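Engineer: My structure is below; once you've seen it, I'll send some questions.
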Amino acid sequence: MPTADVLKAFELRYDIEAAAEPGAVPLGSSPKELSEKIRFMLQSLLADRFKLAVRREVKDQPIYALVIGKGGPKLQKATLQDKDCTVEATGPTPSACHSVAGGVGRGLHAAAVDMSDLADFLSNFSDRLIIDKTGLGDLYSIETPGWVDIRNVARPPAQTDAQRAEEAALADPSRPTLFAVLDALGLKLEAQTAPVETFVIDHIEPPSEN
């Protein structure tokens, strides 16, 4: 495990600039393939510069399962499909594909996402990991209002107009819960226990200088 001195070093913030070799991402790759490729390259970078060594462990943990609600899904099919989202010679993957914007105070805004994209995004605002168990495989367009934060976390003081607007929205007593927002989409969260892959840091060092 990292020493106290090493952990203290990681209280600092680091700017990382990296460029992939030409052809690292083959033309025609899907957004999912692109994401996996970028994740692998980032892992290699961290292992090289930070000497990061991790191991995977699978443990049973409390989760939310994203499932279809009693009345069935109420989702709008996206106009984009995966065939429209591949990496082409003209540029990178369209940002609209498999991308969710927004958050607790701002709601969900997505042009073309599947349920695993939605579950991954909502996990950032949940007190538990959210796992897609809907069985739905299409891409959908999603627009929702914001919701009440279900996490018991302290929020830093608002510094910008956008942050102050979100803070005011969160204080609105009429704001729905996340469960109500999903119910309007014909979805719901079920509290379950499931095996979850976790990462344990065995070794890490401050980065070497260029």
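Here, A, B, ... name the chains of the structure tokens in the order displayed, residue numbers run from 1 inside each chain, and ligands are numbered from 1 in the same displayed order.
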Pick out the residues sitting within 10 Å of Phe125 (chain A), and hand them over as a list in words; count only C-alpha atoms, and ignore anything fewer than 6 positions along from it in its own chain.
Structural biologist: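 My list of contacting residues is Gly103, Val104, Asp149, Ile150, Arg151 and Leu178 of chain A.
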Engineer: Taking the chain letters and numbering used in this document, name the residues of chain A that DSSP puts in alpha helix (DSSP H), as a PyMOL selection string.
Structural biologist: chain A and resi 4-9+31-49+115-123+161-170+178-184
Engineer: Skip Tyr140 (chain A) itself and residues of its chain fewer than 5 positions away, then list as a list of chain:residue names all residues within 8 Å of it, counting only C-alpha atoms.
Structural biologist: A:Leu75, A:Gln76, A:Lys77, A:Ala78, A:Ala110, A:Ala111, A:Ala112, A:Val113, A:Asp114
Engineer: Using C-alpha atoms, can you export the residues from the last selection as a PDB file, in the first residue's frame?
Structural biologist:
ATOM      1  CA  LEU A  75     -38.199   6.286 -23.520  1.00  0.00           C
ATOM      2  CA  GLN A  76     -37.801   8.128 -26.823  1.00  0.00           C
ATOM      3  CA  LYS A  77     -35.676   6.378 -29.428  1.00  0.00           C
ATOM      4  CA  ALA A  78     -32.647   8.388 -30.521  1.00  0.00           C
ATOM      5  CA  ALA A 110     -28.575  13.045 -23.736  1.00  0.00           C
ATOM      6  CA  ALA A 111     -29.064  12.704 -27.490  1.00  0.00           C
ATOM      7  CA  ALA A 112     -28.129   9.038 -27.949  1.00  0.00           C
ATOM      8  CA  VAL A 113     -27.370   6.833 -24.939  1.00  0.00           C
ATOM      9  CA  ASP A 114     -28.040   3.268 -23.898  1.00  0.00           C
TER      10      ASP A 114
END
Engineer: Looking at A:Glu57, A:His98, A:Lys133, A:Gln81, which one is nearest to Gln192 (chain A), with distances taken over only C-alpha atoms?
Structural biologist: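 So, comparing all the options, the nearest one is A:Lys133.
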Engineer: With distances taken over only C-alpha atoms, which residue among A:Gly146, A:Gly102, A:Gly135, A:Pro207 lies nearest Phe179 (chain A)?
Structural biologist: A:Gly146
Engineer: Extract, using only C-alpha atoms, all DNA, RNA and protein residues at most 8 Å from region 195-205 of chain A, discarding same-chain residues fewer than 2 positions from it, and format them as a ChimeraX atom specification.
Structural biologist: /A:1-2,6,50-61,193,207
Engineer: So, with only C-alpha atoms as the atoms that count, which of A:Val148, A:Cys97, A:Ala47, A:Leu182 lies closest to Asp117 (chain A)?
Structural biologist: A:Cys97
Engineer: I want to know what sits within 9 Å of Pro145 (chain A), based on only C-alpha atoms, with residues of the same chain fewer than 4 positions away left out; could you give that as an MDAnalysis selection string?
Structural biologist: chainID A and resid 104:108 175:176 181
Engineer: Counting only C-alpha atoms, what is within 9 Å of region 69-72 of chain A, bar same-chain residues fewer than 4 positions away, as a PyMOL selection string?
Structural biologist: chain A and resi 182-183+185-189
Engineer: Could you dump the residues just selected with C-alpha atoms as a PDB file, in the first residue's frame?
Structural biologist:
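Done, and the output landed in out06.pdb:
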ATOM      1  CA  LEU A 182     -36.641   7.747 -13.441  1.00  0.00           C
ATOM      2  CA  ASP A 183     -40.262   6.749 -12.882  1.00  0.00           C
ATOM      3  CA  LEU A 185     -38.989   7.403 -17.923  1.00  0.00           C
ATOM      4  CA  GLY A 186     -40.580   4.075 -16.998  1.00  0.00           C
ATOM      5  CA  LEU A 187     -37.518   3.030 -15.034  1.00  0.00           C
ATOM      6  CA  LYS A 188     -36.732   2.437 -11.367  1.00  0.00           C
ATOM      7  CA  LEU A 189     -33.883   1.689  -8.999  1.00  0.00           C
TER       8      LEU A 189
END
Engineer: To one decimal in Å, tell me the separation between CA of Thr144 (chain A) and CA of Arg39 (chain A).
Structural biologist: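 About the pair CA of Thr144 (chain A) and CA of Arg39 (chain A): they are 29.0 Å apart.
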Engineer: Give me, as a list of chain:residue names, all polymer residues having an atom no more than 12 Å from Ser116 (chain A), counting only C-alpha atoms and skipping those fewer than 5 positions away in the same chain.
Structural biologist: A:Lys32, A:Ala65, A:Leu66, A:Val67, A:His98, A:Ser99, A:Val100, A:Phe121, A:Leu122, A:Ser123, A:Leu129, A:Ile130, A:Ile131, A:Asp132, A:Lys133, A:Thr134, A:Gly135, A:Leu136, A:Gly137, A:Asp138, A:Leu139, A:Tyr140
Engineer: Which of region 75-144 of chain A end up as strand (DSSP E or B) when DSSP is run on this backbone - answer as a list of chain:residue names?
Structural biologist: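 In region 75-144 of chain A, DSSP puts these residues in strand (DSSP E or B): A:Gln76, A:Lys77, A:Glu88, A:Gly91, A:Cys97, A:Ala101, A:Gly102, A:Gly103, A:Gly107, A:Leu108, A:His109, A:Ala110, A:Ala111, A:Ala112, A:Val113, A:Leu129, A:Ile130, A:Ile131, A:Asp132, A:Tyr140, A:Ser141, A:Ile142, A:Glu143.
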Engineer: Emit the selected residues as a CSV table (one decimal), in the first residue's frame, including C-alpha atoms.
Structural biologist:
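Result file out-v6.csv:
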chain,number,residue,atom,x,y,z
A,76,GLN,CA,-37.8,8.1,-26.8
A,77,LYS,CA,-35.7,6.4,-29.4
A,88,GLU,CA,-14.1,8.3,-39.1
A,91,GLY,CA,-12.8,13.5,-36.9
A,97,CYS,CA,-23.1,9.6,-28.9
A,101,ALA,CA,-24.7,15.9,-19.6
A,102,GLY,CA,-26.2,17.6,-16.6
A,103,GLY,CA,-26.4,16.4,-13.0
A,107,GLY,CA,-31.2,17.1,-14.9
A,108,LEU,CA,-30.3,14.5,-17.6
A,109,HIS,CA,-29.6,15.7,-21.2
A,110,ALA,CA,-28.6,13.0,-23.7
A,111,ALA,CA,-29.1,12.7,-27.5
A,112,ALA,CA,-28.1,9.0,-27.9
A,113,VAL,CA,-27.4,6.8,-24.9
A,129,LEU,CA,-23.1,1.9,-7.7
A,130,ILE,CA,-25.9,1.7,-10.3
A,131,ILE,CA,-25.9,-1.3,-12.7
A,132,ASP,CA,-28.0,-1.6,-15.8
A,140,TYR,CA,-32.4,6.8,-26.5
A,141,SER,CA,-32.8,10.6,-26.3
A,142,ILE,CA,-33.3,11.7,-22.7
A,143,GLU,CA,-34.3,15.0,-21.2
